[in-house]
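> Could you have a look at this structure, given as structure tokens, before my questions?
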There are 2 protein chains.
Amino acid sequence: MSWLEDLKWDKNGLIPAIAQDEKTGKILMFAWMNKESLQQTQLTGKAVYWSRSRQKIWAKGEESGHSQTVKSIRTDCDKDVILLGIEQIGGIACHTGRESCFYNQLENEQWQTTEPVIKDPNLIYKKT
Amino acid sequence: MSWLEDLKWDKNGLIPAIAQDEKTGKILMFAWMNKESLQQTQLTGKAVYWSRSRQKIWAKGEESGHSQTVKSIRTDCDKDVILLGIEQIGGIACHTGRESCFYNQLENEQWQTTEPVIKDPNLIYKKT
């Protein structure tokens with residue numbers, strides 16, 4: 001796939017990926033992809049990432065059901081960042097139960113929480 | 001500055017930073033910051049990054065005049081990514097003379113250019 005080869009992968013074979021709500025423009029998440037996960041994203045139309053902590057492919061929503069339908073795939077001038085335009089299924093992208101992961105805003109030199117929890121994470125992630 | 005210490009810096013002392021137009025929601029740029037550049041960003045209200053290629057602090061717009069006025073500073077649930085809400089002076093964030101760096105869109109397994117050059121880069125960056 002030459003479009004995959006056109007991208008600049010870092011020394012770990014990864015590229016940063018931003019997930020943006022295609023309709024509202026809100027930034028929902030930031031994660032990493034390896035070549036396989038980006039290829040799966042393109043083939044399936046659902047966002048697939050690489051989990052650096054678990055060192056494995058991670059289909060977004062596989063546990064939570066909060067998958068991301070991919071509307072567009074963009075890259076930047078250096079071809080070393082991916083920007084996904086997505087529809088967030090369930091309206092919750094963050095594992096804390098919030099719409100967006102970017103809920104901490106700097107105010108008076110302190111991080112303040114600016115977004116409500118929409119759903120209790122204990123109800124999202126079933127204990128096994 | 002405890003808010004700086006709250007963040008997770010990678011092994012190179014860096015954190016990824018996304019610059020988003022505060023009004024339109026458009027993502028304009030992706031770059032990296034070290035602690036000093038983020039502190040300068042907060043103190044001056046203008047975006048300051050770390051150039052990995054040049055290994056130096058880089059005040060956005062220092063050559064082009066296309067600086068970024070910072071309206072908000074956010075971080076995510078893991079506190080390992082920065083999201084800046086900015087006003088892009090001159091309406092051009094990309095060194096190619098485009099509004100946004102994310103002008104390559106995947107269509108039919110090829111990267112297609114989707115944004116026009118607003119100003120010739122040769123006119124933006126004066127040869128010395």
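Residues are referred to by chain and number: the chain letter is A, B, ... according to the order shown in the structure tokens, the number counts from 1 in that chain, and ligands are numbered separately from 1 in the order shown.
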May I have the residues within 12 Å of range 105-119 of chain A as an MDAnalysis selection string, using only C-alpha atoms and disregarding those fewer than 4 positions away in the same chain?

(chainID A and resid 28 64 66 90:101 123:125) or (chainID B and resid 1:7 38:39 41:43 70:77 79 82:85)

> Using DSSP assignments from the backbone, pull out every residue in range 58-106 of chain A that falls under strand (DSSP E) and give it to me as a VMD selection string.

chain A and resid 58 to 59 68 to 75 82 to 88 104 to 106

> Could you state the separation of CA of Glu62 in chain A and CA of Lys8 in chain B in Å, given to one decimal place?

26.3 Å

> How far is it from CA of Trp50 in chain B to CA of Trp50 in chain A, in Å with one decimal?

25.2 Å

> Using only C-alpha atoms for the distances, tell me which of B:Ser51, B:Asn12, B:Ser67, B:Gln20 is nearest to chain A.

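Between B:Ser51, B:Asn12, B:Ser67, B:Gln20, the residue approaching chain A most closely is B:Gln20.
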
> Write out as a count of residues only the set of residues from range 15-92 of chain A that DSSP, computed on the backbone, places in alpha helix (DSSP H).

10

> Which residue out of B:Lys11, B:Lys46, B:Lys26, B:Arg52 has the minimum interatomic distance to chain A when only C-alpha atoms are used?

B:Lys26

> I want to know what sits within 8 Å of Val81 in chain B, based on only C-alpha atoms, with residues of the same chain fewer than 4 positions away left out; could you give that as a PyMOL selection string?

(chain A and resi 30) or (chain B and resi 15-18+75-76)

> Restricted to C-alpha atoms, what would the selected residues look like written as a compact mmCIF listing (two decimals), in the first residue's frame?


# COMPACT_ATOMS: atom_id res chain seq x y z
CA PHE A 30 -5.30 11.36 20.74
CA ILE B 15 4.84 16.36 24.84
CA PRO B 16 2.81 16.43 21.60
CA ALA B 17 0.80 19.61 20.99
CA ILE B 18 -2.20 20.16 18.72
CA THR B 75 -4.64 18.46 28.28
CA ASP B 76 -6.20 15.01 28.03

> Of the candidates B:Asp10, B:Asp78, B:Glu36, B:Glu63, which one gets nearest to chain A if we count only C-alpha atoms?

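Closest to chain A, using only C-alpha atoms: B:Asp78.
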
> What's the 8 Å shell around Tyr49 in chain A, counting only C-alpha atoms, without same-chain residues fewer than 5 positions away, as a PyMOL selection string?

chain A and resi 31-34+37-38+57-60

> Please list as a compact mmCIF listing (two decimals) with C-alpha atoms, in the first residue's frame every residue within 10 Å of Thr24 in chain B, counting only C-alpha atoms and excluding residues in the same chain fewer than 3 positions away.


# COMPACT_ATOMS: atom_id res chain seq x y z
CA THR A 24 -18.66 19.58 15.38
CA GLY A 25 -14.87 19.85 14.95
CA LYS A 26 -14.39 18.89 18.59
CA GLN B 20 -6.76 24.20 16.88
CA ASP B 21 -8.46 27.36 15.67
CA ILE B 27 -6.96 21.74 13.33
CA GLU B 87 -6.10 32.54 16.89

> Rounded to one decimal, what separation in Å do you get between CA of Leu14 in chain B and CA of Ala47 in chain A?

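So the answer is 25.8 Å.
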
> Looking at only C-alpha atoms, which of B:Lys126, B:Tyr103, B:Gln55, B:Thr69 is the one that sits closest to chain A?

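Smallest distance to chain A is found for B:Tyr103.
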